[in-house]
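Participant: Input structure: final-v3.pdb, which contains PDB, C-alpha atoms and all ligand atoms.
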ATOM      1  CA  MET A   1      44.780-108.140-116.670  1.00  0.00           C
ATOM      2  CA  ARG A   2      47.967-109.205-118.430  1.00  0.00           C
ATOM      3  CA  LEU A   3      48.914-107.506-121.728  1.00  0.00           C
ATOM      4  CA  VAL A   4      51.887-108.125-124.015  1.00  0.00           C
ATOM      5  CA  ILE A   5      53.292-105.015-125.699  1.00  0.00           C
ATOM      6  CA  GLY A   6      55.488-105.395-128.782  1.00  0.00           C
ATOM      7  CA  ILE A   7      57.493-102.543-130.285  1.00  0.00           C
ATOM      8  CA  SER A   8      58.814-103.140-133.817  1.00  0.00           C
ATOM      9  CA  GLY A   9      60.882-100.955-136.124  1.00  0.00           C
ATOM     10  CA  ALA A  10      58.282 -98.782-137.854  1.00  0.00           C
ATOM     11  CA  THR A  11      58.396 -95.080-137.118  1.00  0.00           C
ATOM     12  CA  GLY A  12      56.174 -94.207-134.144  1.00  0.00           C
ATOM     13  CA  ALA A  13      57.927 -95.906-131.226  1.00  0.00           C
ATOM     14  CA  ILE A  14      56.152 -93.286-129.124  1.00  0.00           C
ATOM     15  CA  TYR A  15      52.885 -95.248-129.516  1.00  0.00           C
ATOM     16  CA  GLY A  16      54.285 -98.267-127.706  1.00  0.00           C
ATOM     17  CA  ILE A  17      56.023 -96.072-125.151  1.00  0.00           C
ATOM     18  CA  ARG A  18      52.859 -94.107-124.413  1.00  0.00           C
ATOM     19  CA  ILE A  19      50.851 -97.311-123.912  1.00  0.00           C
ATOM     20  CA  LEU A  20      53.438 -98.450-121.344  1.00  0.00           C
ATOM     21  CA  GLU A  21      53.413 -95.026-119.638  1.00  0.00           C
ATOM     22  CA  LEU A  22      49.632 -94.991-119.302  1.00  0.00           C
ATOM     23  CA  LEU A  23      49.460 -98.557-118.022  1.00  0.00           C
ATOM     24  CA  LYS A  24      52.353 -98.190-115.558  1.00  0.00           C
ATOM     25  CA  PRO A  25      50.301 -96.625-112.705  1.00  0.00           C
ATOM     26  CA  ARG A  26      47.486 -99.166-113.119  1.00  0.00           C
ATOM     27  CA  SER A  27      47.806-101.943-110.595  1.00  0.00           C
ATOM     28  CA  ASP A  28      45.152-103.941-112.474  1.00  0.00           C
ATOM     29  CA  VAL A  29      47.280-104.317-115.633  1.00  0.00           C
ATOM     30  CA  GLU A  30      50.523-106.307-115.843  1.00  0.00           C
ATOM     31  CA  THR A  31      52.644-105.457-118.905  1.00  0.00           C
ATOM     32  CA  HIS A  32      55.048-107.792-120.721  1.00  0.00           C
ATOM     33  CA  LEU A  33      57.353-106.057-123.198  1.00  0.00           C
ATOM     34  CA  VAL A  34      59.307-107.314-126.206  1.00  0.00           C
ATOM     35  CA  ILE A  35      61.173-104.965-128.563  1.00  0.00           C
ATOM     36  CA  THR A  36      62.711-105.950-131.914  1.00  0.00           C
ATOM     37  CA  ASP A  37      66.237-104.872-132.836  1.00  0.00           C
ATOM     38  CA  MET A  38      64.883-102.175-135.165  1.00  0.00           C
ATOM     39  CA  GLY A  39      62.361-101.170-132.513  1.00  0.00           C
ATOM     40  CA  ARG A  40      65.333-100.460-130.245  1.00  0.00           C
ATOM     41  CA  ALA A  41      66.903 -98.440-133.064  1.00  0.00           C
ATOM     42  CA  THR A  42      63.802 -96.298-133.643  1.00  0.00           C
ATOM     43  CA  ILE A  43      63.448 -95.606-129.913  1.00  0.00           C
ATOM     44  CA  ARG A  44      66.995 -94.209-129.997  1.00  0.00           C
ATOM     45  CA  LEU A  45      66.593 -92.400-133.333  1.00  0.00           C
ATOM     46  CA  GLU A  46      63.267 -90.661-132.847  1.00  0.00           C
ATOM     47  CA  THR A  47      62.497 -90.298-129.134  1.00  0.00           C
ATOM     48  CA  GLU A  48      64.032 -88.749-126.023  1.00  0.00           C
ATOM     49  CA  TYR A  49      63.842 -92.106-124.240  1.00  0.00           C
ATOM     50  CA  SER A  50      66.635 -94.610-123.804  1.00  0.00           C
ATOM     51  CA  VAL A  51      65.728 -98.235-124.463  1.00  0.00           C
ATOM     52  CA  GLN A  52      66.452 -98.890-120.791  1.00  0.00           C
ATOM     53  CA  ALA A  53      63.972 -96.182-119.735  1.00  0.00           C
ATOM     54  CA  VAL A  54      61.307 -97.731-121.955  1.00  0.00           C
ATOM     55  CA  GLU A  55      61.986-101.172-120.511  1.00  0.00           C
ATOM     56  CA  GLN A  56      61.612 -99.773-116.987  1.00  0.00           C
ATOM     57  CA  LEU A  57      58.025 -98.826-117.813  1.00  0.00           C
ATOM     58  CA  ALA A  58      57.089-102.512-118.173  1.00  0.00           C
ATOM     59  CA  ASP A  59      56.555-105.099-115.455  1.00  0.00           C
ATOM     60  CA  HIS A  60      58.367-107.826-117.418  1.00  0.00           C
ATOM     61  CA  VAL A  61      60.847-107.499-120.297  1.00  0.00           C
ATOM     62  CA  TYR A  62      61.995-110.192-122.739  1.00  0.00           C
ATOM     63  CA  ASN A  63      64.812-110.566-125.236  1.00  0.00           C
ATOM     64  CA  VAL A  64      63.394-110.762-128.763  1.00  0.00           C
ATOM     65  CA  LYS A  65      65.691-113.696-129.507  1.00  0.00           C
ATOM     66  CA  ASP A  66      64.480-115.723-126.499  1.00  0.00           C
ATOM     67  CA  LEU A  67      61.991-118.049-128.126  1.00  0.00           C
ATOM     68  CA  ALA A  68      61.732-120.030-124.887  1.00  0.00           C
ATOM     69  CA  ALA A  69      60.414-117.045-122.888  1.00  0.00           C
ATOM     70  CA  ALA A  70      57.120-117.423-120.989  1.00  0.00           C
ATOM     71  CA  ILE A  71      55.100-115.369-123.493  1.00  0.00           C
ATOM     72  CA  SER A  72      56.103-117.724-126.356  1.00  0.00           C
ATOM     73  CA  SER A  73      53.739-120.382-125.019  1.00  0.00           C
ATOM     74  CA  GLY A  74      49.964-120.483-125.225  1.00  0.00           C
ATOM     75  CA  SER A  75      49.953-122.013-121.745  1.00  0.00           C
ATOM     76  CA  PHE A  76      51.099-118.626-120.391  1.00  0.00           C
ATOM     77  CA  ARG A  77      47.761-116.882-120.081  1.00  0.00           C
ATOM     78  CA  THR A  78      47.414-113.294-121.266  1.00  0.00           C
ATOM     79  CA  ASP A  79      44.540-111.024-122.193  1.00  0.00           C
ATOM     80  CA  GLY A  80      46.069-110.149-125.536  1.00  0.00           C
ATOM     81  CA  MET A  81      48.834-108.278-127.290  1.00  0.00           C
ATOM     82  CA  ILE A  82      49.422-104.881-128.883  1.00  0.00           C
ATOM     83  CA  VAL A  83      52.157-104.360-131.485  1.00  0.00           C
ATOM     84  CA  ALA A  84      52.734-100.600-131.578  1.00  0.00           C
ATOM     85  CA  PRO A  85      54.131 -99.606-133.943  1.00  0.00           C
ATOM     86  CA  CYS A  86      53.955-102.600-136.289  1.00  0.00           C
ATOM     87  CA  SER A  87      56.327-102.563-139.278  1.00  0.00           C
ATOM     88  CA  VAL A  88      55.456-104.162-142.599  1.00  0.00           C
ATOM     89  CA  LYS A  89      58.089-106.799-141.890  1.00  0.00           C
ATOM     90  CA  THR A  90      56.471-107.737-138.584  1.00  0.00           C
ATOM     91  CA  LEU A  91      53.003-107.596-140.209  1.00  0.00           C
ATOM     92  CA  SER A  92      54.279-109.974-142.879  1.00  0.00           C
ATOM     93  CA  SER A  93      55.672-112.376-140.280  1.00  0.00           C
ATOM     94  CA  VAL A  94      52.357-112.373-138.410  1.00  0.00           C
ATOM     95  CA  ALA A  95      50.235-112.762-141.552  1.00  0.00           C
ATOM     96  CA  ASN A  96      52.425-115.691-142.658  1.00  0.00           C
ATOM     97  CA  CYS A  97      52.752-117.309-139.180  1.00  0.00           C
ATOM     98  CA  LEU A  98      56.544-117.047-139.440  1.00  0.00           C
ATOM     99  CA  ASN A  99      57.257-117.168-135.677  1.00  0.00           C
ATOM    100  CA  ASP A 100      60.784-115.937-136.435  1.00  0.00           C
ATOM    101  CA  ASN A 101      61.393-113.977-133.221  1.00  0.00           C
ATOM    102  CA  LEU A 102      59.752-113.673-129.808  1.00  0.00           C
ATOM    103  CA  LEU A 103      57.501-110.795-130.888  1.00  0.00           C
ATOM    104  CA  THR A 104      56.088-112.575-133.934  1.00  0.00           C
ATOM    105  CA  ARG A 105      55.931-115.916-132.092  1.00  0.00           C
ATOM    106  CA  THR A 106      53.910-114.298-129.289  1.00  0.00           C
ATOM    107  CA  ALA A 107      51.637-112.615-131.833  1.00  0.00           C
ATOM    108  CA  ASP A 108      50.995-116.001-133.461  1.00  0.00           C
ATOM    109  CA  VAL A 109      50.326-117.593-130.068  1.00  0.00           C
ATOM    110  CA  THR A 110      47.897-114.769-129.258  1.00  0.00           C
ATOM    111  CA  LEU A 111      45.958-115.546-132.433  1.00  0.00           C
ATOM    112  CA  LYS A 112      45.973-119.329-132.019  1.00  0.00           C
ATOM    113  CA  GLU A 113      44.655-118.944-128.466  1.00  0.00           C
ATOM    114  CA  ARG A 114      41.929-116.673-129.883  1.00  0.00           C
ATOM    115  CA  ARG A 115      43.071-113.714-127.804  1.00  0.00           C
ATOM    116  CA  LYS A 116      42.990-110.124-129.029  1.00  0.00           C
ATOM    117  CA  LEU A 117      45.938-108.998-131.155  1.00  0.00           C
ATOM    118  CA  VAL A 118      46.111-105.340-132.225  1.00  0.00           C
ATOM    119  CA  LEU A 119      48.577-104.442-134.977  1.00  0.00           C
ATOM    120  CA  VAL A 120      49.276-100.707-135.188  1.00  0.00           C
ATOM    121  CA  VAL A 121      50.534-101.019-138.751  1.00  0.00           C
ATOM    122  CA  ARG A 122      52.504 -97.999-139.909  1.00  0.00           C
ATOM    123  CA  GLU A 123      53.575 -97.470-143.498  1.00  0.00           C
ATOM    124  CA  THR A 124      52.556 -95.039-146.230  1.00  0.00           C
ATOM    125  CA  PRO A 125      51.819 -95.123-149.094  1.00  0.00           C
ATOM    126  CA  LEU A 126      50.676 -98.737-149.306  1.00  0.00           C
ATOM    127  CA  HIS A 127      51.039-101.071-152.272  1.00  0.00           C
ATOM    128  CA  ALA A 128      48.785-104.057-152.905  1.00  0.00           C
ATOM    129  CA  GLY A 129      51.219-106.380-151.104  1.00  0.00           C
ATOM    130  CA  HIS A 130      50.882-104.363-147.893  1.00  0.00           C
ATOM    131  CA  CYS A 131      47.087-104.302-148.241  1.00  0.00           C
ATOM    132  CA  GLN A 132      47.058-108.066-148.870  1.00  0.00           C
ATOM    133  CA  LEU A 133      49.120-108.691-145.724  1.00  0.00           C
ATOM    134  CA  MET A 134      46.692-106.611-143.650  1.00  0.00           C
ATOM    135  CA  LEU A 135      43.778-108.582-145.120  1.00  0.00           C
ATOM    136  CA  ASP A 136      45.547-111.897-144.427  1.00  0.00           C
ATOM    137  CA  ALA A 137      46.310-110.879-140.822  1.00  0.00           C
ATOM    138  CA  SER A 138      42.750-109.658-140.331  1.00  0.00           C
ATOM    139  CA  ARG A 139      41.364-112.962-141.641  1.00  0.00           C
ATOM    140  CA  ILE A 140      43.316-114.956-139.055  1.00  0.00           C
ATOM    141  CA  GLY A 141      41.995-112.720-136.290  1.00  0.00           C
ATOM    142  CA  ALA A 142      44.274-109.705-135.935  1.00  0.00           C
ATOM    143  CA  ILE A 143      42.779-106.254-135.397  1.00  0.00           C
ATOM    144  CA  ILE A 144      44.439-103.916-137.902  1.00  0.00           C
ATOM    145  CA  MET A 145      44.647-100.478-136.354  1.00  0.00           C
ATOM    146  CA  PRO A 146      46.851 -97.991-138.218  1.00  0.00           C
ATOM    147  CA  PRO A 147      47.629 -94.861-136.173  1.00  0.00           C
ATOM    148  CA  VAL A 148      45.029 -92.558-137.722  1.00  0.00           C
ATOM    149  CA  PRO A 149      43.903 -89.902-135.229  1.00  0.00           C
ATOM    150  CA  ALA A 150      40.525 -88.190-135.075  1.00  0.00           C
ATOM    151  CA  PHE A 151      40.365 -84.414-135.307  1.00  0.00           C
ATOM    152  CA  TYR A 152      36.934 -83.888-133.711  1.00  0.00           C
ATOM    153  CA  THR A 153      38.773 -83.911-130.362  1.00  0.00           C
ATOM    154  CA  HIS A 154      40.504 -80.643-131.330  1.00  0.00           C
ATOM    155  CA  PRO A 155      44.073 -81.855-130.703  1.00  0.00           C
ATOM    156  CA  LYS A 156      46.544 -79.130-129.686  1.00  0.00           C
ATOM    157  CA  THR A 157      49.783 -81.081-129.523  1.00  0.00           C
ATOM    158  CA  ILE A 158      51.419 -84.081-131.150  1.00  0.00           C
ATOM    159  CA  MET A 159      50.909 -85.966-127.894  1.00  0.00           C
ATOM    160  CA  ASP A 160      47.162 -85.280-128.158  1.00  0.00           C
ATOM    161  CA  LEU A 161      47.248 -87.075-131.518  1.00  0.00           C
ATOM    162  CA  VAL A 162      49.274 -89.950-130.070  1.00  0.00           C
ATOM    163  CA  ASP A 163      46.939 -90.242-127.082  1.00  0.00           C
ATOM    164  CA  ASP A 164      43.897 -90.320-129.349  1.00  0.00           C
ATOM    165  CA  THR A 165      45.213 -93.437-131.076  1.00  0.00           C
ATOM    166  CA  VAL A 166      46.442 -94.998-127.830  1.00  0.00           C
ATOM    167  CA  SER A 167      43.115 -94.504-126.085  1.00  0.00           C
ATOM    168  CA  ARG A 168      41.250 -96.115-129.009  1.00  0.00           C
ATOM    169  CA  ILE A 169      43.613 -99.094-128.748  1.00  0.00           C
ATOM    170  CA  LEU A 170      43.122 -99.465-124.992  1.00  0.00           C
ATOM    171  CA  ASP A 171      39.336 -99.125-125.454  1.00  0.00           C
ATOM    172  CA  ILE A 172      39.514-102.605-126.987  1.00  0.00           C
ATOM    173  CA  TRP A 173      40.249-103.889-123.464  1.00  0.00           C
ATOM    174  CA  ASN A 174      37.779-101.406-121.890  1.00  0.00           C
ATOM    175  CA  LEU A 175      40.672 -99.509-120.319  1.00  0.00           C
ATOM    176  CA  ASP A 176      39.193 -96.008-120.207  1.00  0.00           C
ATOM    177  CA  LEU A 177      41.863 -93.314-119.907  1.00  0.00           C
ATOM    178  CA  GLY A 178      39.444 -90.411-119.858  1.00  0.00           C
ATOM    179  CA  SER A 179      40.485 -89.142-123.298  1.00  0.00           C
ATOM    180  CA  PRO A 180      38.071 -86.894-125.198  1.00  0.00           C
ATOM    181  CA  ARG A 181      35.203 -88.704-126.919  1.00  0.00           C
ATOM    182  CA  TRP A 182      32.601 -87.749-129.453  1.00  0.00           C
ATOM    183  CA  PRO A 183      30.187 -86.014-128.921  1.00  0.00           C
ATOM    184  CA  ASP A 184      31.528 -84.538-125.626  1.00  0.00           C
ATOM    185  CA  SER A 185      34.592 -83.229-127.496  1.00  0.00           C
ATOM    186  CA  ARG A 186      32.460 -81.001-129.763  1.00  0.00           C
TER     187      ARG A 186
HETATM  188  C1  LIG B   1      63.784 -94.350-138.738  1.00  0.00           C
HETATM  189  C2  LIG B   1      63.145 -95.552-139.384  1.00  0.00           C
HETATM  190  C3  LIG B   1      61.806 -95.516-139.663  1.00  0.00           C
HETATM  191  C4  LIG B   1      61.173 -96.622-140.251  1.00  0.00           C
HETATM  192  N1  LIG B   1      59.834 -96.546-140.480  1.00  0.00           N
HETATM  193  C5  LIG B   1      59.195 -97.644-140.970  1.00  0.00           C
HETATM  194  C6  LIG B   1      57.778 -97.617-141.100  1.00  0.00           C
HETATM  195  O1  LIG B   1      57.108 -96.633-140.803  1.00  0.00           O
HETATM  196  N2  LIG B   1      57.164 -98.755-141.530  1.00  0.00           N
HETATM  197  C7  LIG B   1      57.868 -99.891-141.838  1.00  0.00           C
HETATM  198  O2  LIG B   1      57.245-100.885-142.202  1.00  0.00           O
HETATM  199  N3  LIG B   1      59.233 -99.921-141.734  1.00  0.00           N
HETATM  200  C8  LIG B   1      59.903 -98.848-141.292  1.00  0.00           C
HETATM  201  N4  LIG B   1      61.270 -98.880-141.140  1.00  0.00           N
HETATM  202  C9  LIG B   1      61.999-100.076-141.604  1.00  0.00           C
HETATM  203  C10 LIG B   1      61.999-101.204-140.592  1.00  0.00           C
HETATM  204  O3  LIG B   1      62.709-100.813-139.413  1.00  0.00           O
HETATM  205  C11 LIG B   1      62.644-102.442-141.220  1.00  0.00           C
HETATM  206  O4  LIG B   1      61.823-102.957-142.256  1.00  0.00           O
HETATM  207  C12 LIG B   1      62.915-103.524-140.215  1.00  0.00           C
HETATM  208  O5  LIG B   1      63.392-104.675-140.915  1.00  0.00           O
HETATM  209  C13 LIG B   1      61.705-103.910-139.395  1.00  0.00           C
HETATM  210  O6  LIG B   1      62.077-104.973-138.539  1.00  0.00           O
HETATM  211  P1  LIG B   1      61.169-105.416-137.305  1.00  0.00           P
HETATM  212  O7  LIG B   1      59.774-105.552-137.804  1.00  0.00           O
HETATM  213  O8  LIG B   1      61.757-106.720-136.880  1.00  0.00           O
HETATM  214  O9  LIG B   1      61.329-104.361-136.259  1.00  0.00           O
HETATM  215  C14 LIG B   1      61.930 -97.787-140.571  1.00  0.00           C
HETATM  216  C15 LIG B   1      63.302 -97.798-140.291  1.00  0.00           C
HETATM  217  C16 LIG B   1      63.907 -96.700-139.703  1.00  0.00           C
HETATM  218  C17 LIG B   1      65.370 -96.752-139.408  1.00  0.00           C
END
I need this file expressed as structure tokens, please.

Facilitator:
Amino acid sequence: MRLVIGISGATGAIYGIRILELLKPRSDVETHLVITDMGRATIRLETEYSVQAVEQLADHVYNVKDLAAAISSGSFRTDGMIVAPCSVKTLSSVANCLNDNLLTRTADVTLKERRKLVLVVRETPLHAGHCQLMLDASRIGAIIMPPVPAFYTHPKTIMDLVDDTVSRILDIWNLDLGSPRWPDSR
């Protein structure tokens, strides 16, 4: 399986990082990573990871300005893409097919090839413009998946909350990480 991971500049860089960490030991999943400039900034501002350390978790890394990279073409076959976290700006670019950097270009390619695209949209509160963008993106095929954890798993740590969201995302590709599930978690 080949998955593209995009990290944009919403708070919650840890979601993208955790996805890469969990997929790293899996020999059946090849990861392709693209990080926006503000995604790089949030990694530095809110996590203990360097951007370089995050990039080392992926099998392939691309420059967000490189619109000629392999993942920018539909002829490069993938099994889908996860944008985690997804800022409102990146959501807007996807919803409007802007293709203005490698992340949003690859997201658009993912949709046009009818592959799965998960947008972990993170903003709060939301105005009608944000809601409209999520509706527009959903109508062209994106899966809108804000990071909203469940509490029936009895989370003890912040990482439990992060892993809850991450495991629901990876469920979309049937990648079972053994995280707690209802009703076993009761
Ligand atoms: C610490 C920090 C947290 C941010 N959190 C959010 C957020 O949760 N959601 C959002 O849409 N933008 C957030 N932003 C603003 C985005 O980084 C900004 O809109 C940027 O243009 C997004 O660009 P990108 O989508 O290309 O990464 C945040 C910025 C900083 C510095």

Participant: Put a box with edges along x, y and z around all the listed atoms of ligand LIG 1 (chain B), pad it by 6 Å on each side, then give me its centre and sizes in Å, one decimal, as lines of an AutoDock Vina configuration file.

Facilitator:
center_x = 61.2
center_y = -100.5
center_z = -139.3
size_x = 20.3
size_y = 24.4
size_z = 18.0

Participant: Do you know which residues are within 7 Å of ligand LIG 1 (chain B) using all atoms listed in the file? Can you write them as a list in words?

Facilitator: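 Sorted by chain and then by number, the residues are Ser8, Gly9, Ala10, Thr11, Thr36, Asp37, Met38, Gly39, Ala41, Thr42, Leu45, Glu46, Cys86, Ser87, Val88, Lys89, Thr90, Arg122 and Glu123 of chain A.
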
Participant: Measuring atom to atom with all atoms listed in the file, identify which of A:Ala68, A:Ala13, A:Leu161, A:Ala58 is nearest to Arg44 in chain A.

Facilitator: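 Counting all atoms listed in the file, the residue closest to Arg44 in chain A is A:Ala13.
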
Participant: Considering all atoms listed in the file, state which residue in the set A:Ile82, A:Thr124, A:Gly129, A:Tyr62 is at the smallest distance from Ile19 in chain A.

Facilitator: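 That would be A:Ile82, the residue with the smallest distance to Ile19 in chain A.
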
Participant: Hey, what comes out of the PyMOL selection byres (((chain A and resi 166) around 9) and not hetatm) on this file? Could you write it as a compact mmCIF listing (two decimals) with C-alpha atoms, keeping the file's coordinate frame?

Facilitator:
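The resulting file, part14.txt, is shown below:
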# COMPACT_ATOMS: atom_id res chain seq x y z
CA TYR A 15 52.88 -95.25 -129.52
CA GLY A 16 54.28 -98.27 -127.71
CA ARG A 18 52.86 -94.11 -124.41
CA ILE A 19 50.85 -97.31 -123.91
CA PRO A 147 47.63 -94.86 -136.17
CA LEU A 161 47.25 -87.08 -131.52
CA VAL A 162 49.27 -89.95 -130.07
CA ASP A 163 46.94 -90.24 -127.08
CA ASP A 164 43.90 -90.32 -129.35
CA THR A 165 45.21 -93.44 -131.08
CA SER A 167 43.12 -94.50 -126.08
CA ARG A 168 41.25 -96.12 -129.01
CA ILE A 169 43.61 -99.09 -128.75
CA LEU A 170 43.12 -99.46 -124.99
CA ASP A 171 39.34 -99.12 -125.45

Participant: Could you tell me which of A:Asn99, A:Lys24, A:Ile144, A:Asp66 comes closest to Val120 in chain A if we count all atoms listed in the file?

Facilitator: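 Distance minimum relative to Val120 in chain A lands on A:Ile144.
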
Participant: Quick one: pull the distance between CA of Ala84 in chain A and CA of Gly6 in chain A, Å, one decimal.

Facilitator: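 Straight-line distance from CA of Ala84 in chain A to CA of Gly6 in chain A works out to 6.2 Å.
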
Participant: Just to confirm, what's the straight-line distance from CA of Met1 in chain A to CA of Asp108 in chain A in Å (one decimal)?

Facilitator: 19.6 Å

Participant: Could you tell me which residues the PyMOL selection byres (((chain A and resi 111) around 12) and not hetatm) grabs in this file, written as an NGL selection string?

Facilitator: :A and (73-74 or 78-82 or 94-95 or 97 or 99 or 104-110 or 112-119 or 137-143)

Participant: Could you work out how far CA of Val148 in chain A lies from CA of Trp182 in chain A, giving the answer in Å with one decimal?

Facilitator: 15.7 Å

Participant: So that I can see what lies close to His130 in chain A, please list as a ChimeraX atom specification the residues with an atom at most 9 Å from it, counting all atoms listed in the file and leaving out residues fewer than 4 positions away in the same chain.

Facilitator: /A:88,91-92,123,126,134-135

Participant: Given the file above and the PyMOL selection byres (((chain A and resi 186) around 7) and not hetatm), which residues are selected, and can you give them as a PyMOL selection string?

Facilitator: chain A and resi 152-153+182-185

Participant: Contacts of Leu102 in chain A at 8 Å or less, counting all atoms listed in the file, minus same-chain residues fewer than 5 places along, as a PyMOL selection string?

Facilitator: chain A and resi 34+63-67+69+72

Participant: Near Glu30 in chain A, counting all atoms listed in the file, which residues have an atom at most 7 Å away, once you skip same-chain residues fewer than 4 positions from it, shown as a list in words?

Facilitator: Met1, Arg2, Leu3 and Asp59 of chain A

Participant: Counting all atoms listed in the file, which residue out of A:Ile35, A:Val83, A:Thr157, A:Leu57 sits closest to Leu23 in chain A?

Facilitator: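 Selected residue with least distance to Leu23 in chain A: A:Leu57.
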
Participant: N, CA and C atoms for range 137-150 of chain A, written as a tab-separated table (two decimals), in the coordinates of the input, could you do that?

Facilitator:
chain	number	residue	atom	x	y	z
A	137	ALA	N	46.22	-110.92	-142.29
A	137	ALA	CA	46.31	-110.88	-140.82
A	137	ALA	C	44.92	-110.70	-140.21
A	138	SER	N	44.11	-109.87	-140.83
A	138	SER	CA	42.75	-109.66	-140.33
A	138	SER	C	41.94	-110.96	-140.40
A	139	ARG	N	42.13	-111.72	-141.47
A	139	ARG	CA	41.36	-112.96	-141.64
A	139	ARG	C	41.74	-114.02	-140.61
A	140	ILE	N	42.97	-113.98	-140.10
A	140	ILE	CA	43.32	-114.96	-139.06
A	140	ILE	C	43.07	-114.39	-137.65
A	141	GLY	N	42.47	-113.20	-137.58
A	141	GLY	CA	42.00	-112.72	-136.29
A	141	GLY	C	42.61	-111.44	-135.77
A	142	ALA	N	43.64	-110.93	-136.44
A	142	ALA	CA	44.27	-109.70	-135.94
A	142	ALA	C	43.35	-108.50	-136.14
A	143	ILE	N	43.48	-107.54	-135.25
A	143	ILE	CA	42.78	-106.25	-135.40
A	143	ILE	C	43.79	-105.28	-135.99
A	144	ILE	N	43.51	-104.82	-137.21
A	144	ILE	CA	44.44	-103.92	-137.90
A	144	ILE	C	44.06	-102.49	-137.53
A	145	MET	N	44.98	-101.80	-136.90
A	145	MET	CA	44.65	-100.48	-136.35
A	145	MET	C	45.76	-99.47	-136.65
A	146	PRO	N	45.83	-98.99	-137.89
A	146	PRO	CA	46.85	-97.99	-138.22
A	146	PRO	C	46.67	-96.75	-137.35
A	147	PRO	N	47.75	-96.05	-137.02
A	147	PRO	CA	47.63	-94.86	-136.17
A	147	PRO	C	47.05	-93.69	-136.96
A	148	VAL	N	45.74	-93.61	-136.97
A	148	VAL	CA	45.03	-92.56	-137.72
A	148	VAL	C	44.17	-91.79	-136.73
A	149	PRO	N	44.63	-90.60	-136.29
A	149	PRO	CA	43.90	-89.90	-135.23
A	149	PRO	C	42.63	-89.21	-135.73
A	150	ALA	N	41.72	-88.98	-134.79
A	150	ALA	CA	40.52	-88.19	-135.07
A	150	ALA	C	40.84	-86.72	-134.80
